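Colleague: Below is run10.pdb; it holds PDB, C-alpha atoms, pLDDT in the B column.
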ATOM      1  CA  MET M 176      -5.139  17.506  12.603  1.00 70.00           C
ATOM      2  CA  ALA M 177      -5.268  14.486  10.291  1.00 84.00           C
ATOM      3  CA  ARG M 178      -8.352  14.327   8.038  1.00 89.00           C
ATOM      4  CA  VAL M 179      -9.899  10.888   7.502  1.00 94.00           C
ATOM      5  CA  LEU M 180     -12.582   9.823   5.023  1.00 95.00           C
ATOM      6  CA  ILE M 181     -14.814   6.930   6.114  1.00 96.00           C
ATOM      7  CA  ILE M 182     -16.620   5.190   3.216  1.00 96.00           C
ATOM      8  CA  GLU M 183     -19.169   2.905   4.845  1.00 94.00           C
ATOM      9  CA  GLU M 184     -22.740   2.002   3.865  1.00 92.00           C
ATOM     10  CA  ASP M 185     -23.834   1.309   7.454  1.00 92.00           C
ATOM     11  CA  LYS M 186     -24.466   4.777   8.868  1.00 91.00           C
ATOM     12  CA  ASN M 187     -24.457   3.609  12.488  1.00 91.00           C
ATOM     13  CA  SER M 188     -21.080   1.904  12.062  1.00 91.00           C
ATOM     14  CA  ALA M 189     -19.701   4.949  10.268  1.00 92.00           C
ATOM     15  CA  MET M 190     -20.894   7.267  13.051  1.00 92.00           C
ATOM     16  CA  ALA M 191     -19.339   5.041  15.715  1.00 91.00           C
ATOM     17  CA  ILE M 192     -15.971   5.165  13.910  1.00 92.00           C
ATOM     18  CA  LYS M 193     -16.303   8.912  13.360  1.00 91.00           C
ATOM     19  CA  ASP M 194     -17.008   9.541  17.058  1.00 90.00           C
ATOM     20  CA  SER M 195     -13.996   7.454  18.108  1.00 88.00           C
ATOM     21  CA  LEU M 196     -11.697   9.205  15.644  1.00 89.00           C
ATOM     22  CA  GLU M 197     -12.832  12.655  16.710  1.00 88.00           C
ATOM     23  CA  PHE M 198     -12.314  11.704  20.362  1.00 83.00           C
ATOM     24  CA  GLU M 199      -8.702  10.828  19.411  1.00 85.00           C
ATOM     25  CA  GLY M 200      -8.208  14.200  17.734  1.00 85.00           C
ATOM     26  CA  PHE M 201      -8.857  13.344  14.071  1.00 89.00           C
ATOM     27  CA  GLU M 202     -11.221  15.103  11.698  1.00 90.00           C
ATOM     28  CA  ALA M 203     -13.568  12.478  10.216  1.00 92.00           C
ATOM     29  CA  ILE M 204     -15.908  12.748   7.217  1.00 93.00           C
ATOM     30  CA  ILE M 205     -18.472  10.095   6.265  1.00 95.00           C
ATOM     31  CA  SER M 206     -19.493   8.918   2.792  1.00 95.00           C
ATOM     32  CA  LEU M 207     -22.233   6.290   2.459  1.00 94.00           C
ATOM     33  CA  THR M 208     -21.716   5.109  -1.148  1.00 94.00           C
ATOM     34  CA  GLY M 209     -18.773   4.005  -3.268  1.00 93.00           C
ATOM     35  CA  LYS M 210     -19.484   6.603  -5.948  1.00 94.00           C
ATOM     36  CA  ASP M 211     -19.661   9.499  -3.502  1.00 94.00           C
ATOM     37  CA  GLY M 212     -16.621   8.200  -1.652  1.00 94.00           C
ATOM     38  CA  LEU M 213     -14.569   8.040  -4.851  1.00 94.00           C
ATOM     39  CA  ASN M 214     -15.666  11.539  -5.849  1.00 93.00           C
ATOM     40  CA  ARG M 215     -14.666  12.911  -2.452  1.00 93.00           C
ATOM     41  CA  SER M 216     -11.366  11.007  -2.541  1.00 93.00           C
ATOM     42  CA  LEU M 217     -10.428  12.498  -5.901  1.00 91.00           C
ATOM     43  CA  ASN M 218     -11.646  16.054  -5.343  1.00 90.00           C
ATOM     44  CA  GLU M 219     -11.039  16.710  -1.670  1.00 88.00           C
ATOM     45  CA  THR M 220      -7.967  16.492   0.536  1.00 87.00           C
ATOM     46  CA  TYR M 221      -7.594  13.672   3.048  1.00 90.00           C
ATOM     47  CA  ASP M 222      -4.675  12.198   4.965  1.00 90.00           C
ATOM     48  CA  LEU M 223      -6.166   8.692   5.049  1.00 94.00           C
ATOM     49  CA  ILE M 224      -9.145   6.798   3.636  1.00 95.00           C
ATOM     50  CA  MET M 225     -10.849   3.780   5.159  1.00 95.00           C
ATOM     51  CA  MET M 226     -13.594   1.873   3.378  1.00 95.00           C
ATOM     52  CA  GLU M 227     -15.800  -1.179   3.264  1.00 94.00           C
ATOM     53  CA  ILE M 228     -15.573  -3.479   0.232  1.00 91.00           C
ATOM     54  CA  LEU M 229     -19.329  -3.966  -0.167  1.00 90.00           C
ATOM     55  CA  LEU M 230     -20.643  -0.514  -1.067  1.00 92.00           C
ATOM     56  CA  PRO M 231     -23.632   0.814  -3.053  1.00 91.00           C
ATOM     57  CA  GLU M 232     -23.149   1.960  -6.676  1.00 91.00           C
ATOM     58  CA  ILE M 233     -19.500   0.883  -6.972  1.00 91.00           C
ATOM     59  CA  ASP M 234     -17.630  -1.449  -4.646  1.00 91.00           C
ATOM     60  CA  GLY M 235     -14.486  -0.784  -2.659  1.00 90.00           C
ATOM     61  CA  TYR M 236     -12.274  -2.601  -5.153  1.00 90.00           C
ATOM     62  CA  GLU M 237     -13.314  -0.198  -7.906  1.00 92.00           C
ATOM     63  CA  VAL M 238     -12.807   2.782  -5.598  1.00 93.00           C
ATOM     64  CA  ILE M 239      -9.216   1.666  -4.917  1.00 92.00           C
ATOM     65  CA  ARG M 240      -8.568   0.939  -8.589  1.00 90.00           C
ATOM     66  CA  GLU M 241      -9.708   4.404  -9.715  1.00 92.00           C
ATOM     67  CA  LEU M 242      -8.132   6.209  -6.764  1.00 92.00           C
ATOM     68  CA  ARG M 243      -4.694   4.716  -7.406  1.00 90.00           C
ATOM     69  CA  LYS M 244      -4.711   6.037 -10.978  1.00 88.00           C
ATOM     70  CA  VAL M 245      -4.558   9.561  -9.567  1.00 88.00           C
ATOM     71  CA  LYS M 246      -3.505   9.468  -5.915  1.00 86.00           C
ATOM     72  CA  LYS M 247      -0.868   6.846  -5.323  1.00 81.00           C
ATOM     73  CA  ASP M 248       0.429   7.665  -1.859  1.00 82.00           C
ATOM     74  CA  ILE M 249      -2.658   8.312   0.297  1.00 89.00           C
ATOM     75  CA  PRO M 250      -3.054   5.465   2.829  1.00 92.00           C
ATOM     76  CA  VAL M 251      -6.109   3.241   2.327  1.00 94.00           C
ATOM     77  CA  ILE M 252      -7.381   0.876   5.030  1.00 95.00           C
ATOM     78  CA  ILE M 253     -10.029  -1.716   4.177  1.00 94.00           C
ATOM     79  CA  LEU M 254     -12.645  -2.487   6.834  1.00 93.00           C
ATOM     80  CA  SER M 255     -14.529  -5.619   5.842  1.00 90.00           C
ATOM     81  CA  ALA M 256     -16.328  -8.689   7.117  1.00 86.00           C
ATOM     82  CA  LYS M 257     -14.760 -10.623   4.209  1.00 84.00           C
ATOM     83  CA  ASN M 258     -11.901 -12.392   5.943  1.00 82.00           C
ATOM     84  CA  ASN M 259     -10.498 -14.950   3.483  1.00 83.00           C
ATOM     85  CA  ASP M 260      -6.951 -14.646   2.216  1.00 82.00           C
ATOM     86  CA  GLU M 261      -7.998 -14.200  -1.419  1.00 83.00           C
ATOM     87  CA  ASP M 262      -9.982 -11.034  -0.638  1.00 84.00           C
ATOM     88  CA  LYS M 263      -7.150  -9.634   1.457  1.00 87.00           C
ATOM     89  CA  VAL M 264      -4.462 -10.329  -1.144  1.00 86.00           C
ATOM     90  CA  PHE M 265      -6.632  -8.934  -3.951  1.00 87.00           C
ATOM     91  CA  ALA M 266      -7.295  -5.687  -2.055  1.00 88.00           C
ATOM     92  CA  LEU M 267      -3.645  -5.263  -1.059  1.00 89.00           C
ATOM     93  CA  ASN M 268      -2.459  -5.879  -4.608  1.00 86.00           C
ATOM     94  CA  LEU M 269      -4.915  -3.300  -5.918  1.00 86.00           C
ATOM     95  CA  GLY M 270      -3.256  -0.716  -3.708  1.00 88.00           C
ATOM     96  CA  ALA M 271      -4.792  -0.951  -0.237  1.00 91.00           C
ATOM     97  CA  ASP M 272      -2.250  -0.434   2.545  1.00 91.00           C
ATOM     98  CA  ASP M 273      -3.966  -2.420   5.283  1.00 93.00           C
ATOM     99  CA  TYR M 274      -6.931  -4.768   5.692  1.00 93.00           C
ATOM    100  CA  VAL M 275      -8.895  -4.951   8.952  1.00 92.00           C
ATOM    101  CA  THR M 276     -11.605  -7.590   9.370  1.00 90.00           C
ATOM    102  CA  LYS M 277     -14.868  -6.964  11.196  1.00 88.00           C
ATOM    103  CA  PRO M 278     -15.544  -7.038  14.069  1.00 85.00           C
ATOM    104  CA  PHE M 279     -12.440  -5.123  15.099  1.00 86.00           C
ATOM    105  CA  SER M 280     -11.101  -3.364  18.148  1.00 86.00           C
ATOM    106  CA  MET M 281     -11.337   0.415  17.856  1.00 87.00           C
ATOM    107  CA  MET M 282      -8.095   0.671  19.808  1.00 86.00           C
ATOM    108  CA  GLU M 283      -6.373  -1.523  17.222  1.00 87.00           C
ATOM    109  CA  LEU M 284      -7.882   0.470  14.340  1.00 90.00           C
ATOM    110  CA  ILE M 285      -6.606   3.748  15.803  1.00 89.00           C
ATOM    111  CA  ALA M 286      -3.137   2.204  16.156  1.00 88.00           C
ATOM    112  CA  ARG M 287      -3.197   1.059  12.523  1.00 89.00           C
ATOM    113  CA  ILE M 288      -4.293   4.517  11.358  1.00 91.00           C
ATOM    114  CA  ARG M 289      -1.445   6.149  13.232  1.00 89.00           C
ATOM    115  CA  ALA M 290       1.026   3.601  11.836  1.00 88.00           C
ATOM    116  CA  GLN M 291      -0.049   4.398   8.273  1.00 89.00           C
ATOM    117  CA  LEU M 292       0.157   8.157   8.881  1.00 87.00           C
ATOM    118  CA  ARG M 293       3.666   7.797  10.307  1.00 84.00           C
ATOM    119  CA  ARG M 294       4.717   5.751   7.297  1.00 81.00           C
ATOM    120  CA  VAL M 295       3.371   8.159   4.706  1.00 77.00           C
ATOM    121  CA  ASN M 296       4.719  11.209   6.564  1.00 73.00           C
ATOM    122  CA  LEU M 297       8.161   9.601   6.483  1.00 70.00           C
ATOM    123  CA  LEU M 298       7.880   8.976   2.736  1.00 64.00           C
ATOM    124  CA  ARG M 299       6.599  12.466   1.972  1.00 57.00           C
ATOM    125  CA  GLY M 300       9.144  14.132   4.180  1.00 54.00           C
ATOM    126  CA  SER M 301      11.989  12.261   2.510  1.00 42.00           C
ATOM    127  CA  ALA M 302      10.627  12.969  -0.973  1.00 40.00           C
ATOM    128  CA  VAL M 303      11.369  16.660  -0.553  1.00 35.00           C
ATOM    129  CA  SER M 304      15.083  15.961  -0.928  1.00 34.00           C
ATOM    130  CA  HIS M 305      14.485  13.397  -3.692  1.00 32.00           C
ATOM    131  CA  VAL M 306      15.481  10.369  -1.694  1.00 32.00           C
ATOM    132  CA  GLY M 307      13.388   7.575  -0.317  1.00 34.00           C
ATOM    133  CA  PRO M 308      12.622   6.595   3.244  1.00 35.00           C
ATOM    134  CA  TYR M 309      16.264   5.691   3.843  1.00 33.00           C
ATOM    135  CA  PRO M 310      18.120   8.987   3.372  1.00 36.00           C
ATOM    136  CA  GLY M 311      21.332   8.967   1.387  1.00 36.00           C
ATOM    137  CA  TYR M 312      21.237   5.626  -0.348  1.00 36.00           C
ATOM    138  CA  GLU M 313      18.976   5.848  -3.390  1.00 43.00           C
ATOM    139  CA  PRO M 314      18.647   7.993  -6.500  1.00 53.00           C
ATOM    140  CA  VAL M 315      15.309   9.029  -7.968  1.00 67.00           C
ATOM    141  CA  THR M 316      15.672   6.416 -10.720  1.00 78.00           C
ATOM    142  CA  ILE M 317      16.842   2.831 -10.197  1.00 83.00           C
ATOM    143  CA  LYS M 318      17.987   0.547 -13.023  1.00 86.00           C
ATOM    144  CA  ILE M 319      17.174  -3.149 -12.599  1.00 89.00           C
ATOM    145  CA  GLY M 320      18.178  -5.212 -15.602  1.00 87.00           C
ATOM    146  CA  ASN M 321      16.545  -3.689 -18.678  1.00 87.00           C
ATOM    147  CA  SER M 322      13.972  -1.758 -16.665  1.00 91.00           C
ATOM    148  CA  LEU M 323      14.029   1.660 -15.052  1.00 89.00           C
ATOM    149  CA  VAL M 324      12.130   2.287 -11.819  1.00 88.00           C
ATOM    150  CA  TYR M 325      11.107   5.923 -11.327  1.00 84.00           C
ATOM    151  CA  LEU M 326      10.619   6.317  -7.586  1.00 76.00           C
ATOM    152  CA  ASP M 327       9.110   9.787  -7.781  1.00 70.00           C
ATOM    153  CA  LYS M 328       6.579   8.762 -10.446  1.00 77.00           C
ATOM    154  CA  MET M 329       5.894   5.322  -8.916  1.00 83.00           C
ATOM    155  CA  ILE M 330       6.289   3.540 -12.250  1.00 89.00           C
ATOM    156  CA  SER M 331       8.631   1.076 -13.895  1.00 92.00           C
ATOM    157  CA  LYS M 332       9.520   1.325 -17.570  1.00 92.00           C
ATOM    158  CA  LEU M 333      10.517  -1.687 -19.648  1.00 90.00           C
ATOM    159  CA  ASN M 334      11.299  -0.946 -23.274  1.00 88.00           C
ATOM    160  CA  ASP M 335       8.363   1.286 -24.277  1.00 85.00           C
ATOM    161  CA  ASP M 336       5.936  -0.049 -21.687  1.00 91.00           C
ATOM    162  CA  GLU M 337       5.153   1.655 -18.388  1.00 92.00           C
ATOM    163  CA  PHE M 338       3.744  -0.134 -15.325  1.00 93.00           C
ATOM    164  CA  PRO M 339       2.321   1.614 -12.248  1.00 91.00           C
ATOM    165  CA  LEU M 340       3.794   0.522  -8.931  1.00 89.00           C
ATOM    166  CA  THR M 341       1.718   0.271  -5.775  1.00 87.00           C
ATOM    167  CA  PRO M 342       3.060   1.873  -2.578  1.00 83.00           C
ATOM    168  CA  LYS M 343       3.894  -1.576  -1.199  1.00 87.00           C
ATOM    169  CA  GLU M 344       5.726  -2.635  -4.373  1.00 89.00           C
ATOM    170  CA  LEU M 345       7.701   0.615  -4.277  1.00 85.00           C
ATOM    171  CA  GLY M 346       8.544  -0.001  -0.634  1.00 85.00           C
ATOM    172  CA  ILE M 347       9.847  -3.491  -1.416  1.00 90.00           C
ATOM    173  CA  ILE M 348      11.987  -2.196  -4.281  1.00 90.00           C
ATOM    174  CA  ARG M 349      13.442   0.545  -2.073  1.00 84.00           C
ATOM    175  CA  LEU M 350      14.215  -1.879   0.731  1.00 86.00           C
ATOM    176  CA  LEU M 351      15.873  -4.360  -1.636  1.00 90.00           C
ATOM    177  CA  TYR M 352      17.861  -1.558  -3.259  1.00 86.00           C
ATOM    178  CA  LYS M 353      19.044  -0.245   0.091  1.00 82.00           C
ATOM    179  CA  ASN M 354      20.313  -3.741   0.884  1.00 86.00           C
ATOM    180  CA  ARG M 355      21.327  -4.713  -2.673  1.00 86.00           C
ATOM    181  CA  GLY M 356      23.522  -7.767  -2.738  1.00 89.00           C
ATOM    182  CA  LYS M 357      22.268  -8.800   0.703  1.00 91.00           C
ATOM    183  CA  VAL M 358      19.396 -11.040   1.733  1.00 94.00           C
ATOM    184  CA  VAL M 359      16.319  -9.184   3.001  1.00 93.00           C
ATOM    185  CA  GLY M 360      14.149 -11.396   5.185  1.00 93.00           C
ATOM    186  CA  ARG M 361      10.368 -11.403   4.918  1.00 92.00           C
ATOM    187  CA  ASP M 362      10.157 -10.423   8.581  1.00 89.00           C
ATOM    188  CA  MET M 363      12.206  -7.311   7.837  1.00 88.00           C
ATOM    189  CA  MET M 364       9.897  -6.474   4.919  1.00 89.00           C
ATOM    190  CA  MET M 365       6.868  -6.802   7.185  1.00 87.00           C
ATOM    191  CA  LYS M 366       8.381  -4.476   9.784  1.00 83.00           C
ATOM    192  CA  GLU M 367       9.817  -1.842   7.430  1.00 81.00           C
ATOM    193  CA  ILE M 368       6.974  -1.642   4.885  1.00 83.00           C
ATOM    194  CA  TRP M 369       3.782  -2.651   6.698  1.00 81.00           C
ATOM    195  CA  GLY M 370       4.849  -1.487  10.166  1.00 77.00           C
ATOM    196  CA  GLU M 371       5.124  -3.266  13.489  1.00 70.00           C
ATOM    197  CA  GLU M 372       1.438  -2.789  14.307  1.00 69.00           C
ATOM    198  CA  VAL M 373       0.248  -4.495  11.106  1.00 74.00           C
ATOM    199  CA  TYR M 374       0.381  -8.245  10.497  1.00 77.00           C
ATOM    200  CA  VAL M 375       0.604  -9.662   6.994  1.00 81.00           C
ATOM    201  CA  THR M 376       1.308 -13.200   5.847  1.00 87.00           C
ATOM    202  CA  GLU M 377       4.388 -14.224   3.866  1.00 88.00           C
ATOM    203  CA  ARG M 378       2.061 -14.969   0.967  1.00 90.00           C
ATOM    204  CA  VAL M 379       1.206 -11.265   0.679  1.00 91.00           C
ATOM    205  CA  ILE M 380       4.903 -10.401   0.399  1.00 92.00           C
ATOM    206  CA  ASP M 381       5.530 -13.156  -2.152  1.00 92.00           C
ATOM    207  CA  THR M 382       2.560 -11.988  -4.256  1.00 93.00           C
ATOM    208  CA  ASN M 383       3.914  -8.440  -4.299  1.00 93.00           C
ATOM    209  CA  VAL M 384       7.356  -9.688  -5.380  1.00 94.00           C
ATOM    210  CA  VAL M 385       5.805 -11.725  -8.218  1.00 93.00           C
ATOM    211  CA  SER M 386       4.022  -8.573  -9.392  1.00 94.00           C
ATOM    212  CA  ILE M 387       7.258  -6.538  -9.239  1.00 94.00           C
ATOM    213  CA  ARG M 388       9.110  -9.148 -11.275  1.00 93.00           C
ATOM    214  CA  LYS M 389       6.492  -8.954 -14.021  1.00 93.00           C
ATOM    215  CA  LYS M 390       6.776  -5.172 -14.114  1.00 93.00           C
ATOM    216  CA  ILE M 391      10.566  -5.195 -14.442  1.00 93.00           C
ATOM    217  CA  GLY M 392      10.758  -8.117 -16.878  1.00 91.00           C
ATOM    218  CA  ASP M 393      12.351 -10.489 -14.380  1.00 90.00           C
ATOM    219  CA  THR M 394      10.041 -13.440 -14.938  1.00 82.00           C
ATOM    220  CA  GLY M 395      10.646 -17.024 -15.911  1.00 70.00           C
ATOM    221  CA  ARG M 396      11.751 -20.153 -14.096  1.00 70.00           C
ATOM    222  CA  ARG M 397      14.765 -18.388 -12.663  1.00 76.00           C
ATOM    223  CA  ALA M 398      14.534 -14.694 -11.830  1.00 83.00           C
ATOM    224  CA  LYS M 399      17.804 -12.972 -12.649  1.00 88.00           C
ATOM    225  CA  TYR M 400      17.657  -9.797 -10.565  1.00 92.00           C
ATOM    226  CA  ILE M 401      15.324 -10.397  -7.614  1.00 93.00           C
ATOM    227  CA  LYS M 402      16.524 -13.710  -6.282  1.00 92.00           C
ATOM    228  CA  THR M 403      14.485 -15.874  -3.930  1.00 91.00           C
ATOM    229  CA  VAL M 404      16.391 -17.108  -0.894  1.00 91.00           C
ATOM    230  CA  PHE M 405      14.184 -20.010   0.103  1.00 90.00           C
ATOM    231  CA  GLY M 406      12.951 -19.955   3.661  1.00 88.00           C
ATOM    232  CA  VAL M 407      14.352 -16.470   4.263  1.00 93.00           C
ATOM    233  CA  GLY M 408      13.425 -13.757   1.773  1.00 93.00           C
ATOM    234  CA  TYR M 409      14.831 -12.016  -1.301  1.00 94.00           C
ATOM    235  CA  LYS M 410      18.011 -10.443  -2.638  1.00 93.00           C
ATOM    236  CA  LEU M 411      18.453  -7.795  -5.341  1.00 93.00           C
ATOM    237  CA  ILE M 412      21.304  -8.433  -7.764  1.00 89.00           C
ATOM    238  CA  GLU M 413      22.486  -5.349  -9.619  1.00 70.00           C
ATOM    239  CA  GLY M 414      22.930  -5.488 -13.339  1.00 56.00           C
TER     240      GLY M 414
END
Translate this structure into structure tokens?

Modeller:
Amino acid sequence: MARVLIIEEDKNSAMAIKDSLEFEGFEAIISLTGKDGLNRSLNETYDLIMMEILLPEIDGYEVIRELRKVKKDIPVIILSAKNNDEDKVFALNLGADDYVTKPFSMMELIARIRAQLRRVNLLRGSAVSHVGPYPGYEPVTIKIGNSLVYLDKMISKLNDDEFPLTPKELGIIRLLYKNRGKVVGRDMMMKEIWGEEVYVTERVIDTNVVSIRKKIGDTGRRAKYIKTVFGVGYKLIEG
């Protein structure tokens, strides 16, 4: 039985989500403040966390920021009435795995939860044999230019500097590495990394790639290792 933490200030909304999840066979726990939700996230075991952005004591952004310092692979779904692209991109870049705007369909939310659990179970299951979600093609450490990407530690190292990688950034790197030398379309990235049930804009993918380039030292007017194929997607050049 998957265990889900719901961090939501509105008790009635939280109870409605909890009842729906339990009807679908999940175990659901409610937290009404950001501080309590963060404490539970760090000290208790959950398979997935969903949260509102606007929370008492500390907001959802801070919860994600602190959570990702310790637990990098637990799926996080944002439930928020804030529906502009800037809020969505900011939350996803902080480490959220999905962003659902209110009001939402409970049927859709359940589908998104199951999609995230399938994704993370695939990653965790593959990690046992020290390969990624595409068995047989990747080592634990990938060299891109002058940087080293440690898949198991979810970090990149450039010279003496280390940079944490979000789950989505790691997924993009793995997908590009699997198809190194070939063009990977944005539509393929959406399907493989975010899942078929989740819709994200191309801007979200591009923002994640920009962040990856900074962390591997591939910045400047012309990226040397992660090439942009305009109108299509990206290609990883080994070297």

Colleague: So which one's closest to Tyr325 in chain M, M:Ile391, M:Phe279, M:Arg215, M:Val373? Using only C-alpha atoms, please.

Modeller: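 Checking each of M:Ile391, M:Phe279, M:Arg215, M:Val373 against Tyr325 in chain M, counting only C-alpha atoms, the winner is M:Ile391.
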
Colleague: In Å, with one decimal, what is the gap from CA of Ile181 in chain M to CA of Ile224 in chain M?

Modeller: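 For CA of Ile181 in chain M relative to CA of Ile224 in chain M, the distance reads 6.2 Å.
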
Colleague: For a quick check of understanding, using all atoms listed in the file, which of M:Met190, M:Leu180, M:Leu269, M:Leu323 has the smallest distance to Ile239 in chain M?

Modeller: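 Looking at the shortest contact to Ile239 in chain M, the residue is M:Leu269.
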
Colleague: Identify all residues satisfying the PyMOL selection byres ((chain M and resi 255) around 12) in the given file; provide them as an NGL selection string.

Modeller: :M and (182-185 or 188 or 225-230 or 234-236 or 252-254 or 256-259 or 262-263 or 266 or 273-279)

Colleague: Run through the PyMOL selection byres ((chain M and resi 282) around 12) on the given coordinates and return the selected residues as a PyMOL selection string.

Modeller: chain M and resi 192+195-196+198-199+279-281+283-289+372

Colleague: Specify as a VMD selection string each residue included when the PyMOL selection byres ((chain M and resi 330) around 12) is applied to this file.

Modeller: chain M and resid 244 247 315 to 317 322 to 329 331 to 333 336 to 342 344 to 345 348 387 390 to 391

Colleague: Take the point (16.8, -12.1, 1.2) as written in the file and pick out every residue within 9 Å of it, counting all atoms listed in the file; give the list as a list in words.

Modeller: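 Every polymer residue passing the test: Leu351, Gly356, Lys357, Val358, Val359, Gly360, Arg361, Lys402, Thr403, Val404, Phe405, Val407, Gly408, Tyr409, Lys410 and Leu411 of chain M.
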
Colleague: For the atom pair CA of Ala290 in chain M and CA of Asn214 in chain M, what is the interatomic distance in Å to one decimal place?

Modeller: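 These atoms are spaced 25.6 Å apart.
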
Colleague: Select from range 276-384 of chain M every residue with an atom at most 10 Å from any atom of range 393-398 of chain M, then for each give the shortest pair of atoms and their distance in Å to one decimal, using all atoms listed in the file, rows by chain and rising number, as a tab-separated table.

Modeller:
residue	atom	partner	partner_atom	distance
M:Ile319	CA	M:Asp393	CA	9.0
M:Gly320	CA	M:Asp393	CA	8.0
M:Asn321	CA	M:Asp393	CA	9.1
M:Ser322	CA	M:Asp393	CA	9.2
